[in-house]
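To keep things clear, I will list the structure first and then write my remarks on it.
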Amino acid sequence: MSTRRKAGLWSGLDRPILVIVIFLMAIGIVLAFAASPAAAERASWIDDPFYYLYRQLFFAGVGLAILAFVSALSVTGVRRFAGLALVGALIALVLVLIIGADVKGATRWIRVGTFSLQPSEFLKPAFVVIAAWLFAEEDRGAPAPGRLIAFGFYGLSVLLLMLQPDFGQTVLISLVFGALLWAGGLSWLHTTILGVLAVIGGGGAYLALPHVRDRILDFIGPGGERTQTETALDAMSRGGVWGAGPGEGQVKHLLPEAHTDFVFSVAAEEYGLIASLAIIGLYALLFARAWMLSLRLTDPFAQLATSGLALLFALQALVNIGVNLDIAPPTGMTLPFISYGGSSMLALCFSAGLLLALTRRRPGAYAHRARQGALSA
């Protein structure tokens with residue numbers, strides 16, 4: 001690749017977003033180095049103590065390649081690529097129900113050799129982008145009922161997710177979809193009606209789905225899942241302000257998901273409150289930067305899609321950290337760019353690539369004041 005082509009690939013990208021994503025990935029690699037030996041020790045079929053670290057490095061490298069490719073797309077290319085990803089993810093979700101691997105009572109993965117593909121991770125960003133495009137097209141006066149079609153995709157996605165079952169991802173995609181509807185001009189009356197329907201749907205899931213009910217009851221009272229969150233809280237308490245020191249934490253030896261769902265507690269125990277606040281701050285900066293850019297974009301589709309992707313990152317991080325702090329029931333949701341997980345890392349890099357492509361500085365993308373103001377950073 002020529003020097004000029006490389007410069008063209010990276011020119012116009014929002015550097016603050018790119019730097020934050022790389023920082024988060026680097027933190028994930030550091031924590032994988034800390035948690036990998038304990039996780040490998042629990043798996044009798046793994047001989048290499050740094051098995052999970054090497055895989056995290058591999059997925060981070062592939063993820064960066066995906067990010068680079070997707071971030072180079074035009075706004076039209078983003079829409080087309082997201083459309084293909086959405087169709088592919090929906091087909092894969094159907095295949096999950098047929099040939100998927102059952103893990104702890106849930107069928108969410110398709111095994112491909114040593115890799116477990118979780119299609120729902122790719123569904124989320126693709127759905128957000130396509131829903132934003134459908135809303136924008138309807139507002140432009142397109143003959144197709146964009147919002148109705150978006151509701152159709154949403155209903156199909158929720159149905160396939162609940163059949164796995166995956167209540168956490170269902171709630172996440174529902175919250176982002178609701179926010180897009182509101183940002184896209186939905187009236188307060190209709191917003192309230194949808195909110196009431198969402199509460200009714202959550203109550204119905206509690207009554208009809210034993211796994212949802214069990215997780216909520218475990219969260220409210222003593223139980224297996226609550227024991228994990230209490231262990232995570234104890235680890236954070238031991239960490240204090242400055243932490244126990246790299247490699248000195250105990251939670252990674254006590255929790256089987258310390259390198260995935262509870263990696264935040266590993267960071268808090270070994271690196272302390274300062275590191276925990278720094279991680280939270282990076283997510284806050286990522287959301288704030290993306291949201292600020294979305295307000296300055298001139299294309300309604302890019303505006304909605306950017307704000308939706310920003311909210312997707314923020315809510316997923318908020319849910320994971322909330323579980324670690326014992327203020328939310330366990331959902332199996334990863335901490336973006338930090339938790340171990342191939343599908344999660346690749347899908348998050350895909351999402352970041354979409355975000356960078358939509359916010360890329362190009363002629364007419366931003367209002368005149370934005371181009372001469374803070375976006376010169």
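The way I read the labels, and the way they are meant: chains A, B, ... in the order of the structure tokens, residue 1 as the first residue of every chain, and ligand 1 as the first ligand shown, with later ones counted on from there.
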**Request:** Considering only C-alpha atoms, return as a ChimeraX atom specification whatever protein or nucleic-acid residues lie within 7 Å of Leu309 (chain A), sequence-local ones (same chain, fewer than 4 positions apart) excluded.
**Result:** /A:125,128,305,313,355
**Message:** Residues within 10 Å of Leu273 (chain A), please, as a VMD selection string. Count only C-alpha atoms; anything in the same chain fewer than 3 positions from it doesn't count.
**Reply:** chain A and resid 236 to 237 239 to 243 267 to 270 276 to 279
**Prompt:** CA of Phe58 (chain A) and CA of Gly308 (chain A), how far apart in Å?
**Reply:**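 Spanning CA of Gly308 (chain A) to CA of Phe58 (chain A) is a straight-line distance of 28.2 Å.
Counting only C-alpha atoms, the residue from A:Gly247, A:His259, A:Asp166, A:Ile66 that sits nearest to Tyr51 (chain A) is A:His259.
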